[in-house]
Amino acid sequence: DPVAYLREVAQRCRSLEQYELTFHRQERRGLARQVGPAETIRAKFRANPFSVKFERLDAEPDYYESVYVAGQNDNKLIVRERLGMQLGVIRLKPQIRIVDPLDPVKWGKSKNPVTDFGLARMMERTLLRFDDPAVGPNVRIACQGLVDLEPMRRPAHRLRIDLPPIKGVDTKWQDLYIDADTQLPAGSDLWLADGRLDARY
């Protein structure tokens, strides 16, 4: 029962109080809605209070790191810039900024706010489709065996989840990868109806 298996994985994720991982992210975003370059981020997560720290390992991004702690700093995101803000032909000196967690989404820097980050949250979003009475009966899931998941080169179970048309949702199907050893989520690819990549985590 693949859905029961996903529920077990979700429960395993909820039991993790804190962890550190290397987060690879590639998303279709911005005004042009184009898939950007792959990003490599060292991520630290704590469940209580909900806390996330991102350290950018790539040389290109505009900032070095960001930290969010629920209930702290007026529930704002603290960002340490690598490059200062660009105003016309002038570039300001890099600063530490305090911004709304939704600002990176509004600015086209991320598809999701930092408050949506985490293995448990990813599994919850996946299972929402199956639990929605209007959609669930038409969601299809198929186990596609073991694959050697890039870039970690680790064996992972691949599950394909096909979605019916959902208002406001571009994703047509999801490839979900569960690490064969840890039985924790190892990756997720979201695809558009025309076969283009929407996001890869």
# chains A, B, ... in the order shown; residues from 1 in each chain; ligands from 1
call {"tool": "residues_around", "arguments": {"residues": "segment 67-81 of chain A", "least_positions_apart": "2", "cutoff": "7 Å", "atoms": "only C-alpha atoms", "output": "count of residues only"}}
result
20
call {"tool": "select_by_dssp", "arguments": {"residues": "segment 10-197 of chain A", "states": "strand (DSSP E)", "output": "PyMOL selection string"}}
result
chain A and resi 18-29+34-35+39-46+51-56+63-69+77-81+86-87+90-91+96-99+140-149+154-162+171-179+185-192+197
call {"tool": "atom_distance", "arguments": {"atom1": "atom CA of Arg140 of chain A", "atom2": "atom CA of Asp1 of chain A"}}
result
12.1 Å
call {"tool": "residues_around", "arguments": {"residues": "Pro164 of chain A", "least_positions_apart": "3", "cutoff": "8 Å", "atoms": "only C-alpha atoms", "output": "ChimeraX atom specification"}}
result
/A:135,138-139,172
call {"tool": "closest_residue", "arguments": {"among": "A:Asp103, A:Glu150, A:Asp132, A:Asp181", "to": "His24 of chain A", "atoms": "only C-alpha atoms"}}
result
A:Glu150
